[in-house]
Each structure stands twice: as C-alpha cells, then as structure tokens.
>>> print(open('model-v1.cif').read())   # mmCIF, C-alpha atoms
data_protein
#
loop_
_atom_site.label_atom_id
_atom_site.label_comp_id
_atom_site.auth_asym_id
_atom_site.auth_seq_id
_atom_site.Cartn_x
_atom_site.Cartn_y
_atom_site.Cartn_z
CA MET A 1 17.47 -11.32 29.92
CA PRO A 2 15.78 -8.05 30.90
CA LEU A 3 15.47 -5.67 28.00
CA ASN A 4 16.95 -2.41 29.19
CA GLU A 5 17.84 -0.65 25.99
CA GLY A 6 15.46 0.86 23.49
CA CYS A 7 11.78 1.54 24.06
CA VAL A 8 9.17 -1.10 24.79
CA ALA A 9 5.43 -0.51 24.48
CA ALA A 10 2.58 -2.88 25.28
CA PRO A 11 0.88 -4.33 22.16
CA GLY A 12 -2.10 -2.41 20.90
CA ARG A 13 -1.55 0.59 23.22
CA ALA A 14 -2.57 2.82 20.29
CA ARG A 15 -6.15 2.29 21.47
CA ASP A 16 -5.47 5.01 24.06
CA ASN A 17 -5.61 7.45 21.16
CA ARG A 18 -9.29 7.87 20.24
CA THR A 19 -9.05 9.05 16.66
CA GLY A 20 -12.85 9.37 16.35
CA SER A 21 -12.47 13.01 17.39
CA TRP A 22 -10.85 13.75 13.99
CA ARG A 23 -14.09 13.00 12.16
CA VAL A 24 -16.04 15.57 10.16
CA PHE A 25 -18.34 13.23 8.21
CA ILE A 26 -19.80 10.15 9.86
CA PRO A 27 -20.63 6.92 7.99
CA LYS A 28 -24.18 5.67 8.54
CA PHE A 29 -24.80 1.99 7.81
CA ASP A 30 -28.06 0.75 6.29
CA HIS A 31 -28.18 -2.86 7.50
CA GLU A 32 -31.25 -3.64 5.32
CA ALA A 33 -29.41 -2.79 2.08
CA CYS A 34 -26.17 -4.52 3.16
CA SER A 35 -25.29 -7.74 1.32
CA LYS A 36 -22.72 -8.85 3.97
CA CYS A 37 -19.85 -8.91 1.47
CA GLY A 38 -17.45 -7.60 4.12
CA MET A 39 -15.67 -5.19 1.76
CA CYS A 40 -15.98 -2.28 4.23
CA GLN A 41 -14.41 -4.36 6.97
CA LEU A 42 -11.58 -5.51 4.73
CA ILE A 43 -10.56 -2.09 3.40
CA CYS A 44 -11.13 0.14 6.47
CA PRO A 45 -7.67 1.67 7.11
CA GLU A 46 -8.46 1.84 10.83
CA GLY A 47 -9.76 -1.72 11.09
CA CYS A 48 -12.60 -0.32 13.18
CA ILE A 49 -15.49 -2.05 11.37
CA GLN A 50 -16.46 -5.34 13.02
CA GLU A 51 -19.09 -7.97 12.32
CA THR A 52 -21.54 -8.40 15.19
CA GLY A 53 -23.26 -11.62 16.28
CA GLU A 54 -26.28 -10.69 14.11
CA ASN A 55 -24.04 -10.55 11.00
CA GLU A 56 -24.19 -6.78 10.89
CA PHE A 57 -21.13 -4.68 10.08
CA VAL A 58 -20.77 -1.92 12.68
CA PRO A 59 -18.03 0.72 12.91
CA ASP A 60 -16.43 1.72 16.20
CA TYR A 61 -17.08 5.46 16.23
CA ASP A 62 -14.42 5.93 18.92
CA TYR A 63 -11.82 5.29 16.21
CA CYS A 64 -13.51 5.95 12.83
CA LYS A 65 -11.78 8.97 11.24
CA GLY A 66 -14.61 9.44 8.74
CA CYS A 67 -12.43 9.01 5.64
CA GLY A 68 -15.40 7.73 3.63
CA LEU A 69 -13.56 4.85 1.97
CA CYS A 70 -16.21 2.33 3.09
CA ALA A 71 -19.04 4.48 1.66
CA GLU A 72 -17.15 4.92 -1.62
CA GLU A 73 -16.44 1.21 -2.10
CA CYS A 74 -19.68 -0.35 -0.76
CA PRO A 75 -21.10 -2.24 -3.79
CA LYS A 76 -24.67 -1.82 -2.49
CA GLY A 77 -24.37 1.87 -1.60
CA ALA A 78 -25.51 0.93 1.89
CA ILE A 79 -23.16 3.39 3.62
CA THR A 80 -23.74 7.13 3.45
CA MET A 81 -21.56 9.92 4.80
CA GLU A 82 -23.35 12.58 6.82
CA GLN A 83 -22.12 15.80 8.37
CA GLU A 84 -21.61 15.02 12.04
CA GLU A 85 -23.17 17.17 14.72
CA LYS A 86 -21.09 17.31 17.87
CA MET B 87 -2.42 -22.15 5.07
CA ALA B 88 -5.79 -20.41 4.87
CA ILE B 89 -5.91 -16.66 5.48
CA ASP B 90 -8.01 -15.67 8.48
CA LYS B 91 -9.71 -12.46 7.39
CA THR B 92 -11.05 -11.76 10.88
CA CYS B 93 -7.53 -11.71 12.36
CA GLU B 94 -6.83 -8.12 13.53
CA LEU B 95 -3.21 -7.52 14.48
CA PHE B 96 -2.94 -3.85 13.50
CA ASP B 97 -5.01 -1.97 16.03
CA CYS B 98 -7.24 1.11 15.90
CA GLY B 99 -5.95 4.42 17.19
CA HIS B 100 -2.87 4.79 14.97
CA ARG B 101 -2.30 8.31 13.65
CA ALA B 102 -2.41 7.77 9.89
CA CYS B 103 -4.44 10.21 7.78
CA GLY B 104 -8.04 9.17 7.08
CA GLY B 105 -8.00 6.92 4.01
CA CYS B 106 -4.29 5.99 4.33
CA GLY B 107 -3.17 3.32 1.85
CA ALA B 108 -0.18 2.29 3.95
CA SER B 109 -2.29 1.52 7.03
CA MET B 110 -4.53 -0.65 4.82
CA ALA B 111 -1.40 -2.48 3.70
CA ALA B 112 -0.27 -3.03 7.31
CA ARG B 113 -3.64 -4.47 8.32
CA LEU B 114 -3.90 -6.74 5.31
CA LEU B 115 -0.35 -8.07 5.49
CA LEU B 116 -0.80 -9.00 9.16
CA LYS B 117 -4.05 -10.81 8.30
CA ALA B 118 -2.06 -12.83 5.78
CA SER B 119 0.99 -13.46 7.99
CA GLY B 120 -0.91 -14.34 11.16
CA PRO B 121 0.28 -13.93 14.76
CA GLU B 122 3.46 -16.04 14.44
CA THR B 123 5.33 -13.13 12.90
CA ILE B 124 8.12 -10.78 13.92
CA VAL B 125 7.96 -7.44 12.12
CA VAL B 126 11.01 -5.30 11.45
CA SER B 127 10.23 -1.76 10.35
CA SER B 128 12.48 0.86 8.88
CA THR B 129 12.00 4.55 9.54
CA GLY B 130 9.12 5.91 7.53
CA CYS B 131 5.59 7.15 7.62
CA MET B 132 4.22 3.81 8.85
CA GLU B 133 6.78 3.59 11.65
CA VAL B 134 5.93 7.12 12.81
CA PHE B 135 2.15 6.93 12.66
CA SER B 136 1.85 3.45 14.18
CA THR B 137 4.34 3.75 17.06
CA PRO B 138 4.52 7.13 18.81
CA TYR B 139 5.99 6.06 22.18
CA PRO B 140 4.43 4.72 24.43
CA GLU B 141 1.71 3.70 21.98
CA THR B 142 1.88 1.01 19.35
CA ALA B 143 -0.73 -0.26 16.92
CA TRP B 144 1.14 -3.54 16.32
CA LYS B 145 -0.03 -6.63 18.18
CA VAL B 146 2.93 -8.73 17.05
CA PRO B 147 6.59 -8.35 18.12
CA TRP B 148 7.87 -5.28 16.29
CA ILE B 149 11.31 -3.69 16.14
CA HIS B 150 12.68 -0.52 14.60
CA SER B 151 16.35 0.37 14.41
CA LEU B 152 17.34 2.80 11.65
CA PHE B 153 16.23 3.95 8.21
CA GLU B 154 18.71 1.85 6.22
CA ASN B 155 19.18 -1.38 8.13
CA ALA B 156 15.78 -3.07 8.47
CA SER B 157 16.86 -6.02 6.32
CA ALA B 158 20.14 -6.39 8.26
CA VAL B 159 18.18 -6.47 11.54
CA ALA B 160 15.80 -9.02 10.01
CA SER B 161 18.78 -11.13 8.87
CA GLY B 162 20.05 -11.22 12.45
CA ILE B 163 16.66 -12.14 13.88
CA GLU B 164 16.18 -14.88 11.29
CA SER B 165 19.61 -16.37 12.02
CA ALA B 166 18.98 -16.30 15.78
CA LEU B 167 15.58 -17.98 15.38
CA LYS B 168 17.10 -20.65 13.15
CA GLN B 169 19.83 -21.29 15.73
CA GLN B 170 17.18 -21.77 18.41
CA GLY B 171 15.09 -24.02 16.18
CA ARG B 172 12.12 -21.64 16.22
CA SER B 173 9.58 -21.22 13.42
CA GLU B 174 8.40 -17.59 13.63
CA LYS B 175 8.38 -15.75 10.31
CA VAL B 176 10.44 -12.59 9.93
CA VAL B 177 8.76 -9.85 7.88
CA VAL B 178 10.32 -6.51 6.98
CA VAL B 179 7.84 -3.67 6.41
CA ALA B 180 9.47 -0.63 4.84
CA GLY B 181 8.47 2.29 2.70
CA ASP B 182 9.72 3.04 -0.79
CA GLY B 183 12.33 5.53 0.45
CA ALA B 184 13.88 2.92 2.74
CA THR B 185 13.68 0.29 0.01
CA PHE B 186 14.56 2.08 -3.23
CA ASP B 187 17.12 4.57 -1.92
CA ILE B 188 18.41 4.33 1.63
CA GLY B 189 18.26 0.61 2.38
CA VAL B 190 19.44 -0.89 -0.92
CA LEU B 191 22.85 -1.89 0.48
CA CYS B 192 21.40 -3.92 3.36
CA ILE B 193 18.62 -5.41 1.22
CA SER B 194 21.13 -6.53 -1.37
CA GLY B 195 23.24 -8.14 1.34
CA ALA B 196 20.29 -9.96 2.93
CA PHE B 197 19.05 -11.27 -0.43
CA GLU B 198 22.55 -12.34 -1.44
CA ARG B 199 23.05 -14.28 1.79
CA GLY B 200 19.67 -15.92 1.22
CA HIS B 201 18.02 -15.31 4.60
CA ASP B 202 14.51 -16.69 4.95
CA ILE B 203 12.85 -13.28 5.25
CA THR B 204 9.88 -11.62 3.54
CA TYR B 205 10.43 -8.01 2.55
CA ILE B 206 7.27 -5.97 2.04
CA CYS B 207 7.65 -2.51 0.57
CA TYR B 208 4.61 -0.24 0.81
CA ASP B 209 5.15 2.04 -2.15
CA ASN B 210 3.56 5.48 -1.75
CA GLU B 211 6.01 6.94 -4.26
CA ALA B 212 7.80 9.58 -2.12
CA TYR B 213 9.06 10.32 1.42
CA MET B 214 5.65 11.14 2.87
CA ASN B 215 6.52 11.32 6.57
CA THR B 216 8.96 14.23 6.21
CA GLY B 217 6.81 16.19 3.79
CA ILE B 218 6.72 14.57 0.33
CA GLN B 219 10.28 14.53 -1.00
CA ARG B 220 10.97 12.55 -4.17
CA SER B 221 12.40 9.04 -3.92
CA GLY B 222 13.57 6.48 -6.46
CA ALA B 223 9.97 5.28 -6.60
CA THR B 224 8.45 8.62 -7.55
CA PRO B 225 6.89 8.37 -11.01
CA PHE B 226 7.95 10.55 -13.95
CA ASP B 227 6.63 14.14 -13.87
CA ALA B 228 5.17 13.96 -10.35
CA SER B 229 5.55 17.21 -8.43
CA THR B 230 7.08 16.80 -4.94
CA THR B 231 8.72 19.32 -2.59
CA THR B 232 12.19 18.39 -3.90
CA SER B 233 11.07 18.10 -7.53
CA PRO B 234 8.59 20.97 -7.72
CA ALA B 235 6.78 21.70 -10.96
CA GLY B 236 7.07 25.26 -12.16
CA ARG B 237 8.31 27.40 -15.03
CA VAL B 238 11.46 25.38 -15.65
CA SER B 239 10.36 21.90 -14.59
CA PHE B 240 7.48 19.46 -14.98
CA GLY B 241 8.36 17.73 -11.71
CA ASN B 242 10.36 14.54 -11.19
CA LYS B 243 12.66 14.03 -14.19
CA HIS B 244 13.47 10.37 -13.64
CA PRO B 245 11.36 7.28 -14.25
CA LYS B 246 10.47 4.94 -11.39
CA LYS B 247 13.22 2.48 -10.47
CA ASP B 248 12.39 -1.17 -11.25
CA MET B 249 13.05 -2.56 -7.77
CA PRO B 250 11.22 -5.91 -8.19
CA ARG B 251 13.51 -6.82 -11.11
CA ILE B 252 16.59 -5.79 -9.13
CA LEU B 253 15.63 -8.17 -6.34
CA ALA B 254 14.59 -10.93 -8.75
CA ALA B 255 18.08 -10.58 -10.27
CA HIS B 256 19.49 -11.42 -6.80
CA GLY B 257 17.99 -14.88 -7.28
CA SER B 258 14.92 -14.36 -5.11
CA PRO B 259 12.51 -17.30 -5.58
CA TYR B 260 9.40 -15.10 -5.31
CA VAL B 261 8.93 -11.42 -6.13
CA ALA B 262 5.48 -9.86 -6.55
CA THR B 263 3.79 -6.52 -6.94
CA ALA B 264 0.32 -5.89 -5.53
CA SER B 265 -2.03 -3.05 -4.71
CA VAL B 266 -4.15 -2.21 -1.67
CA ALA B 267 -6.98 -1.69 -4.17
CA TYR B 268 -7.11 -5.51 -4.54
CA PRO B 269 -6.92 -6.69 -0.91
CA ALA B 270 -7.52 -10.41 -1.53
CA ASP B 271 -4.78 -10.54 -4.18
CA PHE B 272 -2.35 -8.70 -1.88
CA MET B 273 -3.05 -11.06 1.04
CA GLN B 274 -2.52 -14.11 -1.18
CA LYS B 275 0.79 -12.76 -2.41
CA VAL B 276 2.00 -12.02 1.14
CA GLU B 277 0.95 -15.51 2.21
CA ARG B 278 2.81 -17.07 -0.70
CA ALA B 279 5.90 -14.91 -0.09
CA ILE B 280 6.00 -15.92 3.58
CA SER B 281 5.56 -19.62 2.86
CA THR B 282 8.26 -19.58 0.16
CA GLU B 283 11.69 -20.38 1.59
CA GLY B 284 14.41 -17.83 1.05
CA PRO B 285 14.35 -14.04 0.65
CA THR B 286 11.10 -12.91 -0.96
CA TYR B 287 9.78 -9.49 -1.89
CA VAL B 288 6.30 -7.98 -2.23
CA GLN B 289 5.90 -4.38 -3.38
CA VAL B 290 2.44 -3.02 -2.63
CA HIS B 291 1.09 0.15 -4.21
CA ALA B 292 -0.28 2.26 -1.35
CA PRO B 293 -1.89 5.51 -2.57
CA CYS B 294 -1.21 8.43 -0.21
CA CYS B 295 -4.07 10.93 -0.14
CA THR B 296 -1.97 13.67 1.49
CA GLY B 297 1.12 13.34 -0.68
CA TRP B 298 -0.59 12.72 -3.99
CA GLY B 299 -3.41 15.17 -3.37
CA PHE B 300 -6.75 13.39 -3.58
CA ASP B 301 -9.72 12.79 -1.29
CA GLY B 302 -9.09 10.02 1.27
CA ALA B 303 -12.27 8.24 0.17
CA LYS B 304 -10.70 7.61 -3.26
CA THR B 305 -7.68 5.55 -2.12
CA VAL B 306 -9.00 2.32 -3.62
CA ALA B 307 -10.33 4.03 -6.76
CA ILE B 308 -6.91 5.66 -7.42
CA GLY B 309 -5.14 2.34 -6.87
CA LYS B 310 -7.44 0.68 -9.41
CA LEU B 311 -6.91 3.49 -11.93
CA ALA B 312 -3.12 3.11 -11.67
CA ILE B 313 -3.50 -0.53 -12.73
CA GLU B 314 -6.11 0.11 -15.44
CA THR B 315 -3.97 2.81 -17.06
CA GLY B 316 -0.90 0.55 -17.04
CA LEU B 317 1.24 2.80 -14.82
CA TRP B 318 1.25 0.07 -12.17
CA VAL B 319 1.36 -3.62 -13.07
CA ASN B 320 0.36 -6.39 -10.67
CA TYR B 321 2.58 -9.37 -11.46
CA GLU B 322 4.45 -12.25 -9.89
CA LEU B 323 8.01 -13.30 -10.68
CA VAL B 324 8.72 -16.91 -9.73
CA ASP B 325 12.46 -17.66 -9.96
CA GLY B 326 12.84 -14.51 -12.06
CA GLU B 327 10.22 -15.48 -14.65
CA VAL B 328 6.88 -13.68 -15.03
CA ALA B 329 4.30 -16.15 -13.71
CA LYS B 330 1.07 -14.18 -13.43
CA VAL B 331 -0.05 -10.70 -14.53
CA LYS B 332 -3.35 -9.01 -13.74
CA LYS B 333 -5.05 -8.33 -17.07
CA VAL B 334 -6.88 -5.05 -17.62
CA VAL B 335 -8.90 -3.16 -20.20
CA LYS B 336 -6.63 -0.25 -21.06
CA LYS B 337 -7.57 3.31 -20.08
CA PRO B 338 -5.73 6.49 -21.10
CA VAL B 339 -3.26 7.78 -18.46
CA GLU B 340 -5.07 11.13 -18.19
CA GLU B 341 -7.82 9.43 -16.18
CA TYR B 342 -5.29 8.56 -13.47
CA LEU B 343 -3.25 11.78 -13.65
CA LYS B 344 -6.08 14.29 -13.52
CA GLU B 345 -7.35 12.90 -10.19
CA GLN B 346 -4.16 13.92 -8.36
CA LYS B 347 -2.71 17.27 -7.34
CA ARG B 348 0.87 16.06 -7.91
CA PHE B 349 0.11 15.97 -11.66
CA ARG B 350 -2.05 19.09 -11.74
CA HIS B 351 0.66 21.10 -13.56
CA LEU B 352 0.09 18.84 -16.60
CA PHE B 353 -3.49 20.15 -16.96
CA LYS B 354 -3.35 23.71 -15.55
CA PRO B 355 -2.76 26.46 -16.52
CA LYS B 356 -2.59 24.70 -19.88
CA LEU B 357 -2.75 21.11 -21.08
CA GLN B 358 0.79 19.73 -21.51
CA GLU B 359 0.09 17.18 -24.25
CA GLU B 360 3.76 16.46 -24.89
CA GLU B 361 4.43 15.53 -21.24
CA ILE B 362 1.27 13.42 -21.01
CA ALA B 363 2.37 11.61 -24.18
CA LYS B 364 5.67 10.72 -22.43
CA ILE B 365 3.73 9.24 -19.49
CA GLN B 366 1.44 7.39 -21.91
CA ALA B 367 4.60 5.96 -23.52
CA ILE B 368 5.67 4.58 -20.10
CA ALA B 369 2.27 2.89 -19.75
CA ASP B 370 2.44 1.57 -23.33
CA ARG B 371 5.88 0.08 -22.64
CA ASN B 372 4.43 -1.69 -19.59
CA PHE B 373 1.60 -3.14 -21.69
CA GLU B 374 4.12 -4.26 -24.29
CA ARG B 375 6.40 -5.80 -21.70
CA TYR B 376 3.77 -7.72 -19.72
CA GLY B 377 1.17 -8.19 -22.46
CA HIS B 378 -1.65 -7.78 -19.95
CA GLU B 379 -4.08 -5.75 -22.03
CA ILE B 380 -7.52 -7.27 -22.57
CA ARG B 381 -8.52 -6.53 -26.16
CA LEU B 382 -12.28 -6.40 -26.33
CA PRO B 383 -13.86 -7.45 -29.62
CA PRO B 384 -15.05 -4.41 -31.60
CA LYS B 385 -18.69 -3.58 -30.91
CA LYS B 386 -21.03 -5.09 -33.49
CA ALA B 387 -23.10 -2.68 -35.50
CA PRO B 388 -26.80 -2.99 -34.64
CA GLU B 389 -28.67 -5.28 -37.03
CA GLY B 390 -30.31 -3.65 -39.98
CA ALA B 391 -28.02 -0.65 -39.80
#
>>> encode(input="model-v1.cif", output="structure tokens")
Amino acid sequence: MPLNEGCVAAPGRARDNRTGSWRVFIPKFDHEACSKCGMCQLICPEGCIQETGENEFVPDYDYCKGCGLCAEECPKGAITMEQEEK
Amino acid sequence: MAIDKTCELFDCGHRACGGCGASMAARLLLKASGPETIVVSSTGCMEVFSTPYPETAWKVPWIHSLFENASAVASGIESALKQQGRSEKVVVVAGDGATFDIGVLCISGAFERGHDITYICYDNEAYMNTGIQRSGATPFDASTTTSPAGRVSFGNKHPKKDMPRILAAHGSPYVATASVAYPADFMQKVERAISTEGPTYVQVHAPCCTGWGFDGAKTVAIGKLAIETGLWVNYELVDGEVAKVKKVVKKPVEEYLKEQKRFRHLFKPKLQEEEIAKIQAIADRNFERYGHEIRLPPKKAPEGA
C-alpha cells in the first residue's frame, strides 16, 4: 500500500546538516595517551567518534559540535579542547 | 542477546544542543535495541531536534503522531505485528512531559491491556523544547519559566511525581530507572526491558544543559552528582519489587544544586538554608527508602597518635 499521508524521510538524512559549523572549541585527540577504553565514543551525543582500523578513536569534525563532553570524561586526559581558528 | 556497542542507529547531524543528555539516551537505547526495532515518539525536544522534515537522524522505522498518544500508537503497531506473526520490537521514546503529564491516559491504557511494548522516558525534568516549562517531573524548588523563582517563590512547589511506581502498580513485569551518566547500565536495562514480555518501562535521567543551566561538557558529571546526592536513584523493579539499587557514598545535595542555574536562587543573593534542608530531606527519604547508601568505616587514627 503506498503511504500517502504524513511525512516520510529517508533514514539518516540528518547527515545533510553539518553541525560542525556550530563549534567554538575543537577536541584534539592524543592517540599516544589514549588507553582505547572507548568512553568518548560511547558518550558522544553526536555519535561522531569512530574507531579506525588502527584502533584509534577519531571524531568526524563535520559533525562534532565541540561540546567537550569527551574531553571532560576521558579517564586518561588524552583529549584537550582548543579554541578553533576558522 | 549481547549488546553491539558499535551499532549506530542514531545518526550525526541532528540539531540537539552540544552536550545533550537526551541525544545520548537515543543513541544508547538504539545500541541496546538493535535494528529490529520500531520507534514511536511523542512530541518533545527529541522529536523536534532529530526529525526536522525532510531530515531524520533515526535509522530505524520511526513514527510520530501526537503529544499524548505515543503509547496508543505503539499498542496498535504491536497488535498489528502480532497478527502478522512478526517479531520486531516496539519501543516508545517520550520525554517527561509526554510521560508524566500529557500521555498518562494512553500509557495507563497500554499497560493495563498488557501490550508487549517497551516505554522509555528520557527525563530532563521540564518541557525543554518549548522553553523550559515545569512538568510533573520537575524537582522541588527548580526555577522554570512557569515556576519562576523570585520574591514570592522558590520555584517549583511540588515534588517530582513517582512515575516508575505508578507503572509498576499497573502490574508491569519490569520497571527501571537509569542515567545517561552510566551508559553500560542504561543499555543493559533497555535490553532487559525489551526482552521481557509485556509492557515495560525505563526512565532515564537525561541532564539538559540549556534548561538546567550548566556547561554542556558537564552532562555526565551532573548525572553522576544527581545519583551520589540521592536526588536520583538507579533501581530496578521486577514484578513490583525492588530488585537492584545502585549503591553510592552519600554527598550533600548542595554539590548537585550549586552546579545548576535552575537552583541558583537558593545560593544567591543569599543562602536559603531552610529550602536546601527541604531538598536534603527528599534525598534522605530516598536513602531511607532504597537503603543504597554505602557507609564507609570511620577513618582510623594514625598509629602513635
């Protein structure tokens, strides 16, 4: 049955909206100090931190809003927030 | 069923504030539920920030109808799936306004009829989407735009409604409270709620940096403080009986209150000790009720002293 009432949007279309432009402070990741606990990835409200093939946690700066939650909660202090220059 | 932590079903690009507790809850609950899920959302902050047409952050089937009827819609979907012999799980995701105030009628009906649905309430303790109006979940003495603190008032006059107990009293087999500050615990509770047959309820504490007035980087820290001061209790009710409570070393409520602008009137222009004592009494009652305080042995005096 064709759906002809209500609004239908394709899954994950929110990616069109690049929220990285909201950012004032940018998180910088120190991969040497990182203990790979994955806390930053788990708590990121954007879900923009991913683990790469080399077991490094890397944020997607196209979407990171710079809230600083990852830096605050990193048990190793391996993430620092820096003023971003645009 | 093991939880796949790498499963991402709540996508980047949604318009929540930086450090939003509710968007953390959405991500975590979808990790726990997995892709075989149909989500029903009520009106609320999460609905608005995750689905401005034609965008959507949800990568599972998602439906929104009205503010009050999410659990009625979920009941219909669950019945239709059952009729067709399908096994998808139906999950309602609603805010505290839709759960505590506006949707109570439909929730009560769905729980009474015993539909196999999981109701997840992200509790940010006010109507945040429309500009921080008080709801039944707003804690005592919090200042909101409809319960403003000033010369004649200390903010919200009423204590928080005990929604988990109300739903446990409906005969729900599994009711739990959780916090986004403890993601693993929250995911486990969602997983257990979904795999339990019948209507189940999980209420997750989701600190709101905009509405409560704190820095977005502190969302997890504030969530932890709420639990450590006893103003939020993480527990599970299995068949109406308390099964598990997160134990904490007790902290005074001031530590939680002074971090947030919504309680600023209790400290400035002068310290309102009497009001803080009332809030401490709420926390003390929680500790008495759930007995979840860890009593550390008194520190030994150094030898030779």
>>> interface_residues(input="model-v1.cif", of="chain A", to="chain B", cutoff="7 Å", atoms="all atoms listed in the file", output="short mmCIF file (atom, residue, chain, number, x, y, z; two decimals) with C-alpha atoms, keeping the file's coordinate frame")
data_model
loop_
_atom_site.label_atom_id
_atom_site.label_comp_id
_atom_site.auth_asym_id
_atom_site.auth_seq_id
_atom_site.Cartn_x
_atom_site.Cartn_y
_atom_site.Cartn_z
CA ALA A 9 5.43 -0.51 24.48
CA PRO A 11 0.88 -4.33 22.16
CA GLY A 12 -2.10 -2.41 20.90
CA ARG A 13 -1.55 0.59 23.22
CA ALA A 14 -2.57 2.82 20.29
CA ARG A 15 -6.15 2.29 21.47
CA ASP A 16 -5.47 5.01 24.06
CA ASN A 17 -5.61 7.45 21.16
CA ARG A 18 -9.29 7.87 20.24
CA THR A 19 -9.05 9.05 16.66
CA ILE A 43 -10.56 -2.09 3.40
CA CYS A 44 -11.13 0.14 6.47
CA PRO A 45 -7.67 1.67 7.11
CA GLU A 46 -8.46 1.84 10.83
CA GLY A 47 -9.76 -1.72 11.09
CA CYS A 48 -12.60 -0.32 13.18
CA TYR A 63 -11.82 5.29 16.21
CA LYS A 65 -11.78 8.97 11.24
CA GLY A 66 -14.61 9.44 8.74
CA CYS A 67 -12.43 9.01 5.64
CA GLY A 68 -15.40 7.73 3.63
CA LEU A 69 -13.56 4.85 1.97
CA GLU A 72 -17.15 4.92 -1.62
#
>>> resolve_selection(input="model-v1.cif", expression="the PyMOL selection byres ((chain B and resi 206-222) around 9)", output="PDB file with C-alpha atoms, in the frame of the given file")
ATOM      1  CA  GLY B 107      -3.170   3.320   1.850  1.00  0.00           C
ATOM      2  CA  ALA B 108      -0.180   2.290   3.950  1.00  0.00           C
ATOM      3  CA  ALA B 111      -1.400  -2.480   3.700  1.00  0.00           C
ATOM      4  CA  ALA B 112      -0.270  -3.030   7.310  1.00  0.00           C
ATOM      5  CA  LEU B 115      -0.350  -8.070   5.490  1.00  0.00           C
ATOM      6  CA  GLY B 130       9.120   5.910   7.530  1.00  0.00           C
ATOM      7  CA  CYS B 131       5.590   7.150   7.620  1.00  0.00           C
ATOM      8  CA  MET B 132       4.220   3.810   8.850  1.00  0.00           C
ATOM      9  CA  VAL B 134       5.930   7.120  12.810  1.00  0.00           C
ATOM     10  CA  PHE B 135       2.150   6.930  12.660  1.00  0.00           C
ATOM     11  CA  VAL B 177       8.760  -9.850   7.880  1.00  0.00           C
ATOM     12  CA  VAL B 178      10.320  -6.510   6.980  1.00  0.00           C
ATOM     13  CA  VAL B 179       7.840  -3.670   6.410  1.00  0.00           C
ATOM     14  CA  ALA B 180       9.470  -0.630   4.840  1.00  0.00           C
ATOM     15  CA  GLY B 181       8.470   2.290   2.700  1.00  0.00           C
ATOM     16  CA  ASP B 182       9.720   3.040  -0.790  1.00  0.00           C
ATOM     17  CA  GLY B 183      12.330   5.530   0.450  1.00  0.00           C
ATOM     18  CA  ALA B 184      13.880   2.920   2.740  1.00  0.00           C
ATOM     19  CA  THR B 185      13.680   0.290   0.010  1.00  0.00           C
ATOM     20  CA  PHE B 186      14.560   2.080  -3.230  1.00  0.00           C
ATOM     21  CA  ASP B 187      17.120   4.570  -1.920  1.00  0.00           C
ATOM     22  CA  THR B 204       9.880 -11.620   3.540  1.00  0.00           C
ATOM     23  CA  TYR B 205      10.430  -8.010   2.550  1.00  0.00           C
ATOM     24  CA  ALA B 223       9.970   5.280  -6.600  1.00  0.00           C
ATOM     25  CA  THR B 224       8.450   8.620  -7.550  1.00  0.00           C
ATOM     26  CA  PRO B 225       6.890   8.370 -11.010  1.00  0.00           C
ATOM     27  CA  ALA B 228       5.170  13.960 -10.350  1.00  0.00           C
ATOM     28  CA  SER B 229       5.550  17.210  -8.430  1.00  0.00           C
ATOM     29  CA  THR B 230       7.080  16.800  -4.940  1.00  0.00           C
ATOM     30  CA  THR B 231       8.720  19.320  -2.590  1.00  0.00           C
ATOM     31  CA  THR B 232      12.190  18.390  -3.900  1.00  0.00           C
ATOM     32  CA  SER B 233      11.070  18.100  -7.530  1.00  0.00           C
ATOM     33  CA  ASN B 242      10.360  14.540 -11.190  1.00  0.00           C
ATOM     34  CA  HIS B 244      13.470  10.370 -13.640  1.00  0.00           C
ATOM     35  CA  PRO B 245      11.360   7.280 -14.250  1.00  0.00           C
ATOM     36  CA  LYS B 246      10.470   4.940 -11.390  1.00  0.00           C
ATOM     37  CA  LYS B 247      13.220   2.480 -10.470  1.00  0.00           C
ATOM     38  CA  VAL B 276       2.000 -12.020   1.140  1.00  0.00           C
ATOM     39  CA  THR B 286      11.100 -12.910  -0.960  1.00  0.00           C
ATOM     40  CA  TYR B 287       9.780  -9.490  -1.890  1.00  0.00           C
ATOM     41  CA  VAL B 288       6.300  -7.980  -2.230  1.00  0.00           C
ATOM     42  CA  GLN B 289       5.900  -4.380  -3.380  1.00  0.00           C
ATOM     43  CA  VAL B 290       2.440  -3.020  -2.630  1.00  0.00           C
ATOM     44  CA  HIS B 291       1.090   0.150  -4.210  1.00  0.00           C
ATOM     45  CA  ALA B 292      -0.280   2.260  -1.350  1.00  0.00           C
ATOM     46  CA  PRO B 293      -1.890   5.510  -2.570  1.00  0.00           C
ATOM     47  CA  CYS B 294      -1.210   8.430  -0.210  1.00  0.00           C
ATOM     48  CA  THR B 296      -1.970  13.670   1.490  1.00  0.00           C
ATOM     49  CA  GLY B 297       1.120  13.340  -0.680  1.00  0.00           C
ATOM     50  CA  TRP B 298      -0.590  12.720  -3.990  1.00  0.00           C
TER      51      TRP B 298
END
>>> closest_residue(input="model-v1.cif", among="B:Leu352, B:Val159, B:Glu174, B:Pro250", to="B:Gly195", atoms="only C-alpha atoms")
B:Val159
>>> atom_distance(input="model-v1.cif", atom1="atom CA of B:Val176", atom2="atom CA of B:Glu164")
6.3 Å
>>> resolve_selection(input="model-v1.cif", expression="the PyMOL selection byres ((chain B and resi 118) around 6)", output="list in words")
Ile89, Leu115, Leu116, Lys117, Ser119, Gly120, Met273 and Glu277 of chain B
>>> atom_distance(input="model-v1.cif", atom1="atom CA of B:Ile193", atom2="atom CA of B:Ala158")
7.3 Å
>>> atom_distance(input="model-v1.cif", atom1="atom CA of B:Lys275", atom2="atom CA of B:Gly171")
26.0 Å
>>> residues_around(input="model-v1.cif", residues="A:Ala33", least_positions_apart="4", cutoff="10 Å", atoms="all atoms listed in the file", output="list in words")
Phe29, Lys76, Gly77, Ala78 and Ile79 of chain A
>>> resolve_selection(input="model-v1.cif", expression="the PyMOL selection byres ((chain A and resi 86) around 12)", output="ChimeraX atom specification")
/A:20-26,83-85
>>> residues_around(input="model-v1.cif", residues="B:Trp318", least_positions_apart="5", cutoff="10 Å", atoms="all atoms listed in the file", output="NGL selection string")
:B and (263-265 or 291 or 309-313 or 369 or 372)
>>> residues_around(input="model-v1.cif", residues="A:Asp60", least_positions_apart="4", cutoff="8 Å", atoms="all atoms listed in the file", output="number ranges by chain")
A: 48-50, 64
>>> write_last_selection(input="model-v1.cif", atoms="C-alpha atoms", output="PDB file, keeping the file's coordinate frame")
ATOM      1  CA  CYS A  48     -12.600  -0.320  13.180  1.00  0.00           C
ATOM      2  CA  ILE A  49     -15.490  -2.050  11.370  1.00  0.00           C
ATOM      3  CA  GLN A  50     -16.460  -5.340  13.020  1.00  0.00           C
ATOM      4  CA  CYS A  64     -13.510   5.950  12.830  1.00  0.00           C
TER       5      CYS A  64
END
>>> closest_residue(input="model-v1.cif", among="B:Ile362, B:Ile308, B:Val261, B:Ala279", to="B:Glu322", atoms="all atoms listed in the file")
B:Val261
>>> axis_aligned_box(input="model-v1.cif", around="stretch 4-23 of chain A", padding_each_side="6 Å", output="AutoDock Vina command-line options")
--center_x 1.9 --center_y 4.7 --center_z 20.7 --size_x 43.9 --size_y 30.1 --size_z 29.0
